[in-house]
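Here's the structure, in structure tokens; my notes come after.
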Amino acid sequence: MRILVAYATRHGQTEKVARRVAAELGQEGHTAELCDLDSAGKDVELPFYRAVIVAAPIHAGGYPPSVVSFLRREHARLNELPSAFLSVGLAVASKTSDGRAQTLPLVEKLCARTGFRPAHVELVAGALKYSQYGFLLRYVMRRIAAHEGGDTDTSRDYEYTDWAALTEFTRAFVTRSSAALAARAPAA
Ligand SMILES: Cc1cc2nc3c(=O)[nH]c(=O)nc-3n(C[C@H](O)[C@H](O)[C@H](O)COP(=O)(O)O)c2cc1C
């Protein structure tokens, strides 16, 4: 299967997630092509792909404009393909509140705004990259982290992504997508 893995990133974690998914799809014998929606979103040729994964980070309760415009523009074709949406954020790693319950409405809002109906939604824990934040953002993120029972030593970065769960997601995506495509194929 030729599979598109489209993503946007601000601090690099969603790109890392997208690259890992693409590498694992490759190991499973598929051709996975990465697309950074901030630089090449307009060049995507969806008819070439049999399935698509879109990965996007949450920043301040929303997803990047490049992701929103890509989904708005392409939702009709995307909805015809086996698909998944990977939402990368920190709320899902919270130790003090229900991060899934906080995050799912953001995904629903994105889908309502764009018309995208992913066949599967995966909530992925991202990273706290204090080293990449300026003084003010570091202060704000540290306060949020403290409130959520997270890590507050700003002298280092923290990665919460569960790579084993991502591998499971990727394998299940291949199985689901192959089954969906087989079900659509005309009987011989
Ligand atoms: C300014 C800022 C705002 C953020 N807002 C949210 C948020 O509203 N909800 C959430 O779950 N995570 C939030 N995060 C966490 C990011 O989603 C997380 O750090 C993710 O790994 C970022 O992905 P990226 O490195 O691809 O940009 C925020 C992070 C930053 C720096």
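By convention here, the chains of the structure tokens are called A, B, ... in the order presented, each chain's residues are numbered starting at 1, and ligands are numbered starting at 1 in the order presented.
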Check which residues of chain A sit at most 7 Å from ligand 1 using only C-alpha atoms and all ligand atoms, and return one row each with the closest pair of atoms and their distance in Å to one decimal, ordered by chain and rising number, as CSV.
residue,atom,partner,partner_atom_place_in_ligand_line,distance
A:Ala8,CA,ligand 1,26 (O),6.7
A:Thr9,CA,ligand 1,26 (O),3.6
A:Arg10,CA,ligand 1,27 (O),3.5
A:His11,CA,ligand 1,25 (O),3.3
A:Gly12,CA,ligand 1,25 (O),4.0
A:Gln13,CA,ligand 1,25 (O),3.6
A:Thr14,CA,ligand 1,26 (O),3.6
A:Glu15,CA,ligand 1,26 (O),5.9
A:Ala56,CA,ligand 1,26 (O),6.9
A:Pro57,CA,ligand 1,23 (O),4.5
A:Ile58,CA,ligand 1,17 (O),4.1
A:His59,CA,ligand 1,5 (N),3.6
A:Ala60,CA,ligand 1,5 (N),3.7
A:Gly61,CA,ligand 1,8 (O),3.6
A:Gly62,CA,ligand 1,8 (O),6.5
A:Val88,CA,ligand 1,17 (O),5.5
A:Gly89,CA,ligand 1,17 (O),3.4
A:Leu90,CA,ligand 1,11 (O),3.9
A:Ala91,CA,ligand 1,11 (O),3.7
A:Val92,CA,ligand 1,11 (O),6.2
A:Thr103,CA,ligand 1,11 (O),6.4
A:Ala125,CA,ligand 1,21 (O),6.9
A:Gly126,CA,ligand 1,21 (O),3.3
A:Ala127,CA,ligand 1,21 (O),3.9
A:Leu128,CA,ligand 1,19 (O),4.9
A:Lys129,CA,ligand 1,19 (O),6.7
A:Leu137,CA,ligand 1,1 (C),6.7
A:Met141,CA,ligand 1,31 (C),6.9
Go ahead and dump the residues you just picked, N, CA and C atoms, as an mmCIF file, in the first residue's frame.
data_model
loop_
_atom_site.group_PDB
_atom_site.id
_atom_site.type_symbol
_atom_site.label_atom_id
_atom_site.label_comp_id
_atom_site.auth_asym_id
_atom_site.auth_seq_id
_atom_site.Cartn_x
_atom_site.Cartn_y
_atom_site.Cartn_z
ATOM 1 N N ALA A 8 2.080 18.268 10.782
ATOM 2 C CA ALA A 8 2.643 19.593 11.028
ATOM 3 C C ALA A 8 3.278 19.532 12.408
ATOM 4 N N THR A 9 4.224 20.410 12.653
ATOM 5 C CA THR A 9 4.912 20.385 13.948
ATOM 6 C C THR A 9 5.395 21.781 14.279
ATOM 7 N N ARG A 10 5.515 22.072 15.588
ATOM 8 C CA ARG A 10 6.134 23.340 15.969
ATOM 9 C C ARG A 10 7.474 23.079 16.658
ATOM 10 N N HIS A 11 7.484 22.102 17.549
ATOM 11 C CA HIS A 11 8.719 21.834 18.293
ATOM 12 C C HIS A 11 9.328 20.469 17.970
ATOM 13 N N GLY A 12 8.810 19.819 16.926
ATOM 14 C CA GLY A 12 9.480 18.619 16.415
ATOM 15 C C GLY A 12 8.912 17.285 16.859
ATOM 16 N N GLN A 13 8.064 17.251 17.906
ATOM 17 C CA GLN A 13 7.635 15.942 18.396
ATOM 18 C C GLN A 13 6.674 15.248 17.423
ATOM 19 N N THR A 14 5.771 16.020 16.828
ATOM 20 C CA THR A 14 4.821 15.387 15.892
ATOM 21 C C THR A 14 5.569 14.877 14.659
ATOM 22 N N GLU A 15 6.602 15.603 14.263
ATOM 23 C CA GLU A 15 7.411 15.105 13.134
ATOM 24 C C GLU A 15 8.080 13.784 13.522
ATOM 25 N N ALA A 56 -1.089 15.778 14.041
ATOM 26 C CA ALA A 56 -1.050 17.216 14.319
ATOM 27 C C ALA A 56 -0.925 17.480 15.822
ATOM 28 N N PRO A 57 -0.124 18.485 16.193
ATOM 29 C CA PRO A 57 0.013 18.827 17.610
ATOM 30 C C PRO A 57 -1.061 19.814 18.053
ATOM 31 N N ILE A 58 -1.385 19.765 19.330
ATOM 32 C CA ILE A 58 -2.296 20.775 19.904
ATOM 33 C C ILE A 58 -1.445 21.877 20.518
ATOM 34 N N HIS A 59 -1.762 23.102 20.154
ATOM 35 C CA HIS A 59 -1.145 24.249 20.820
ATOM 36 C C HIS A 59 -2.267 25.198 21.214
ATOM 37 N N ALA A 60 -2.350 25.498 22.504
ATOM 38 C CA ALA A 60 -3.381 26.398 23.034
ATOM 39 C C ALA A 60 -4.781 25.996 22.562
ATOM 40 N N GLY A 61 -5.077 24.711 22.692
ATOM 41 C CA GLY A 61 -6.433 24.233 22.429
ATOM 42 C C GLY A 61 -6.810 24.099 20.963
ATOM 43 N N GLY A 62 -5.849 24.207 20.066
ATOM 44 C CA GLY A 62 -6.185 24.076 18.647
ATOM 45 C C GLY A 62 -5.063 23.408 17.859
ATOM 46 N N VAL A 88 -1.469 14.950 18.838
ATOM 47 C CA VAL A 88 -0.311 14.927 19.749
ATOM 48 C C VAL A 88 -0.445 16.079 20.751
ATOM 49 N N GLY A 89 -0.482 15.749 22.024
ATOM 50 C CA GLY A 89 -0.641 16.799 23.030
ATOM 51 C C GLY A 89 -0.142 16.351 24.384
ATOM 52 N N LEU A 90 -0.213 17.259 25.332
ATOM 53 C CA LEU A 90 0.265 16.938 26.681
ATOM 54 C C LEU A 90 -0.862 16.658 27.664
ATOM 55 N N ALA A 91 -2.075 17.140 27.364
ATOM 56 C CA ALA A 91 -3.182 16.915 28.302
ATOM 57 C C ALA A 91 -3.369 15.419 28.547
ATOM 58 N N VAL A 92 -3.168 14.606 27.492
ATOM 59 C CA VAL A 92 -3.386 13.159 27.663
ATOM 60 C C VAL A 92 -2.379 12.532 28.624
ATOM 61 N N THR A 103 -9.267 16.314 25.507
ATOM 62 C CA THR A 103 -8.724 16.365 24.146
ATOM 63 C C THR A 103 -9.753 15.984 23.079
ATOM 64 N N ALA A 125 0.573 11.100 23.488
ATOM 65 C CA ALA A 125 1.234 12.040 24.404
ATOM 66 C C ALA A 125 2.468 12.616 23.717
ATOM 67 N N GLY A 126 2.659 13.917 23.832
ATOM 68 C CA GLY A 126 3.770 14.590 23.143
ATOM 69 C C GLY A 126 4.978 14.771 24.043
ATOM 70 N N ALA A 127 5.577 15.946 23.966
ATOM 71 C CA ALA A 127 6.809 16.201 24.710
ATOM 72 C C ALA A 127 6.790 17.607 25.300
ATOM 73 N N LEU A 128 7.538 17.745 26.373
ATOM 74 C CA LEU A 128 7.693 19.041 27.031
ATOM 75 C C LEU A 128 9.131 19.456 26.752
ATOM 76 N N LYS A 129 9.289 20.433 25.863
ATOM 77 C CA LYS A 129 10.645 20.755 25.400
ATOM 78 C C LYS A 129 11.079 22.108 25.946
ATOM 79 N N LEU A 137 7.475 31.461 27.864
ATOM 80 C CA LEU A 137 6.788 30.199 27.579
ATOM 81 C C LEU A 137 7.253 29.099 28.534
ATOM 82 N N MET A 141 4.691 27.063 30.736
ATOM 83 C CA MET A 141 4.612 25.599 30.597
ATOM 84 C C MET A 141 4.966 24.898 31.906
#
Output as a PDB file with N, CA and C atoms, in the first residue's frame all residues of range 27-130 of chain A that backbone DSSP marks as alpha helix (DSSP H).
ATOM      1  N   GLN A  27       8.628  -0.935   7.356  1.00  0.00           N
ATOM      2  CA  GLN A  27       9.039  -2.273   7.821  1.00  0.00           C
ATOM      3  C   GLN A  27       7.959  -3.314   7.565  1.00  0.00           C
ATOM      4  N   LEU A  37       2.974  19.488   6.189  1.00  0.00           N
ATOM      5  CA  LEU A  37       1.890  20.317   5.633  1.00  0.00           C
ATOM      6  C   LEU A  37       2.243  21.798   5.628  1.00  0.00           C
ATOM      7  N   ASP A  38       3.200  22.208   6.464  1.00  0.00           N
ATOM      8  CA  ASP A  38       3.583  23.622   6.464  1.00  0.00           C
ATOM      9  C   ASP A  38       4.390  24.001   5.231  1.00  0.00           C
ATOM     10  N   SER A  39       5.110  23.034   4.684  1.00  0.00           N
ATOM     11  CA  SER A  39       5.927  23.381   3.513  1.00  0.00           C
ATOM     12  C   SER A  39       5.374  22.809   2.212  1.00  0.00           C
ATOM     13  N   ALA A  40       4.651  21.677   2.283  1.00  0.00           N
ATOM     14  CA  ALA A  40       4.264  21.016   1.030  1.00  0.00           C
ATOM     15  C   ALA A  40       2.797  20.594   0.990  1.00  0.00           C
ATOM     16  N   PRO A  65      -2.842  25.906  11.654  1.00  0.00           N
ATOM     17  CA  PRO A  65      -3.606  26.364  10.491  1.00  0.00           C
ATOM     18  C   PRO A  65      -3.334  25.541   9.234  1.00  0.00           C
ATOM     19  N   SER A  66      -2.099  25.078   9.055  1.00  0.00           N
ATOM     20  CA  SER A  66      -1.777  24.297   7.847  1.00  0.00           C
ATOM     21  C   SER A  66      -2.567  22.985   7.826  1.00  0.00           C
ATOM     22  N   VAL A  67      -2.810  22.420   9.009  1.00  0.00           N
ATOM     23  CA  VAL A  67      -3.579  21.174   9.095  1.00  0.00           C
ATOM     24  C   VAL A  67      -5.052  21.471   8.816  1.00  0.00           C
ATOM     25  N   VAL A  68      -5.547  22.541   9.424  1.00  0.00           N
ATOM     26  CA  VAL A  68      -6.961  22.911   9.234  1.00  0.00           C
ATOM     27  C   VAL A  68      -7.219  23.170   7.748  1.00  0.00           C
ATOM     28  N   SER A  69      -6.348  23.938   7.085  1.00  0.00           N
ATOM     29  CA  SER A  69      -6.636  24.239   5.674  1.00  0.00           C
ATOM     30  C   SER A  69      -6.483  23.007   4.783  1.00  0.00           C
ATOM     31  N   PHE A  70      -5.522  22.133   5.086  1.00  0.00           N
ATOM     32  CA  PHE A  70      -5.375  20.890   4.314  1.00  0.00           C
ATOM     33  C   PHE A  70      -6.636  20.035   4.441  1.00  0.00           C
ATOM     34  N   LEU A  71      -7.119  19.880   5.671  1.00  0.00           N
ATOM     35  CA  LEU A  71      -8.303  19.026   5.893  1.00  0.00           C
ATOM     36  C   LEU A  71      -9.544  19.635   5.245  1.00  0.00           C
ATOM     37  N   ARG A  72      -9.639  20.961   5.344  1.00  0.00           N
ATOM     38  CA  ARG A  72     -10.795  21.625   4.705  1.00  0.00           C
ATOM     39  C   ARG A  72     -10.789  21.419   3.197  1.00  0.00           C
ATOM     40  N   ARG A  73      -9.612  21.595   2.621  1.00  0.00           N
ATOM     41  CA  ARG A  73      -9.489  21.512   1.161  1.00  0.00           C
ATOM     42  C   ARG A  73      -9.701  20.084   0.654  1.00  0.00           C
ATOM     43  N   GLU A  74      -9.194  19.112   1.413  1.00  0.00           N
ATOM     44  CA  GLU A  74      -9.119  17.736   0.896  1.00  0.00           C
ATOM     45  C   GLU A  74     -10.088  16.769   1.571  1.00  0.00           C
ATOM     46  N   HIS A  75     -10.980  17.257   2.453  1.00  0.00           N
ATOM     47  CA  HIS A  75     -11.750  16.310   3.278  1.00  0.00           C
ATOM     48  C   HIS A  75     -12.559  15.310   2.443  1.00  0.00           C
ATOM     49  N   ALA A  76     -13.097  15.750   1.301  1.00  0.00           N
ATOM     50  CA  ALA A  76     -13.941  14.837   0.526  1.00  0.00           C
ATOM     51  C   ALA A  76     -13.120  13.630   0.058  1.00  0.00           C
ATOM     52  N   ARG A  77     -11.900  13.901  -0.465  1.00  0.00           N
ATOM     53  CA  ARG A  77     -11.073  12.790  -0.941  1.00  0.00           C
ATOM     54  C   ARG A  77     -10.515  11.979   0.230  1.00  0.00           C
ATOM     55  N   LEU A  78     -10.147  12.691   1.310  1.00  0.00           N
ATOM     56  CA  LEU A  78      -9.620  11.989   2.495  1.00  0.00           C
ATOM     57  C   LEU A  78     -10.659  11.024   3.058  1.00  0.00           C
ATOM     58  N   GLY A  99      -7.264  13.679  30.670  1.00  0.00           N
ATOM     59  CA  GLY A  99      -6.748  14.289  29.446  1.00  0.00           C
ATOM     60  C   GLY A  99      -7.492  13.865  28.195  1.00  0.00           C
ATOM     61  N   ARG A 100      -7.972  12.629  28.183  1.00  0.00           N
ATOM     62  CA  ARG A 100      -8.739  12.171  27.007  1.00  0.00           C
ATOM     63  C   ARG A 100     -10.015  12.985  26.876  1.00  0.00           C
ATOM     64  N   ALA A 101     -10.688  13.178  28.019  1.00  0.00           N
ATOM     65  CA  ALA A 101     -11.952  13.929  28.004  1.00  0.00           C
ATOM     66  C   ALA A 101     -11.708  15.381  27.586  1.00  0.00           C
ATOM     67  N   GLN A 102     -10.527  15.920  27.907  1.00  0.00           N
ATOM     68  CA  GLN A 102     -10.210  17.299  27.496  1.00  0.00           C
ATOM     69  C   GLN A 102      -9.867  17.372  26.017  1.00  0.00           C
ATOM     70  N   THR A 103      -9.267  16.314  25.507  1.00  0.00           N
ATOM     71  CA  THR A 103      -8.724  16.365  24.146  1.00  0.00           C
ATOM     72  C   THR A 103      -9.753  15.984  23.079  1.00  0.00           C
ATOM     73  N   LEU A 104     -10.597  15.006  23.382  1.00  0.00           N
ATOM     74  CA  LEU A 104     -11.539  14.544  22.348  1.00  0.00           C
ATOM     75  C   LEU A 104     -12.427  15.665  21.785  1.00  0.00           C
ATOM     76  N   PRO A 105     -12.912  16.609  22.615  1.00  0.00           N
ATOM     77  CA  PRO A 105     -13.707  17.699  22.030  1.00  0.00           C
ATOM     78  C   PRO A 105     -12.913  18.556  21.037  1.00  0.00           C
ATOM     79  N   LEU A 106     -11.587  18.653  21.230  1.00  0.00           N
ATOM     80  CA  LEU A 106     -10.765  19.426  20.283  1.00  0.00           C
ATOM     81  C   LEU A 106     -10.722  18.719  18.929  1.00  0.00           C
ATOM     82  N   VAL A 107     -10.632  17.386  18.996  1.00  0.00           N
ATOM     83  CA  VAL A 107     -10.637  16.602  17.752  1.00  0.00           C
ATOM     84  C   VAL A 107     -11.999  16.734  17.069  1.00  0.00           C
ATOM     85  N   GLU A 108     -13.047  16.648  17.884  1.00  0.00           N
ATOM     86  CA  GLU A 108     -14.405  16.764  17.301  1.00  0.00           C
ATOM     87  C   GLU A 108     -14.605  18.129  16.663  1.00  0.00           C
ATOM     88  N   LYS A 109     -14.082  19.166  17.314  1.00  0.00           N
ATOM     89  CA  LYS A 109     -14.212  20.532  16.767  1.00  0.00           C
ATOM     90  C   LYS A 109     -13.462  20.627  15.430  1.00  0.00           C
ATOM     91  N   LEU A 110     -12.272  20.046  15.390  1.00  0.00           N
ATOM     92  CA  LEU A 110     -11.496  20.068  14.142  1.00  0.00           C
ATOM     93  C   LEU A 110     -12.268  19.368  13.021  1.00  0.00           C
ATOM     94  N   CYS A 111     -12.836  18.214  13.344  1.00  0.00           N
ATOM     95  CA  CYS A 111     -13.586  17.458  12.330  1.00  0.00           C
ATOM     96  C   CYS A 111     -14.806  18.250  11.873  1.00  0.00           C
ATOM     97  N   ALA A 112     -15.491  18.892  12.824  1.00  0.00           N
ATOM     98  CA  ALA A 112     -16.686  19.677  12.468  1.00  0.00           C
ATOM     99  C   ALA A 112     -16.291  20.868  11.582  1.00  0.00           C
ATOM    100  N   ARG A 113     -15.152  21.505  11.902  1.00  0.00           N
ATOM    101  CA  ARG A 113     -14.704  22.682  11.131  1.00  0.00           C
ATOM    102  C   ARG A 113     -14.265  22.334   9.724  1.00  0.00           C
ATOM    103  N   THR A 114     -13.716  21.123   9.566  1.00  0.00           N
ATOM    104  CA  THR A 114     -13.069  20.797   8.289  1.00  0.00           C
ATOM    105  C   THR A 114     -13.850  19.794   7.438  1.00  0.00           C
TER     106      THR A 114
END
Tell me, which residues of range 17-165 of chain A carry DSSP strand (DSSP E), written as a ChimeraX atom specification?
-> /A:31-36,51-57,83-89,120-125,127-128,158-159
Would you list the contacts of range 168-178 of chain A as a PyMOL selection string, taking every protein, DNA or RNA residue within 8 Å and counting only C-alpha atoms, but skipping same-chain residues closer than 6 positions in sequence?
-> chain A and resi 21+24-25+51+82-84+122
Using only C-alpha atoms, pick whichever of A:Thr154, A:Leu81, A:Leu46, A:Ala185 has the shortest atom-to-atom distance to Tyr139 in chain A.
->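 The shortest atom-to-atom distance to Tyr139 in chain A comes from A:Thr154.
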Pairwise distance for CA of Glu33 in chain A and CA of Leu4 in chain A, rounded to one decimal in Å |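 Taking CA of Glu33 in chain A as the start and CA of Leu4 in chain A as the end point, the length is 5.1 Å.
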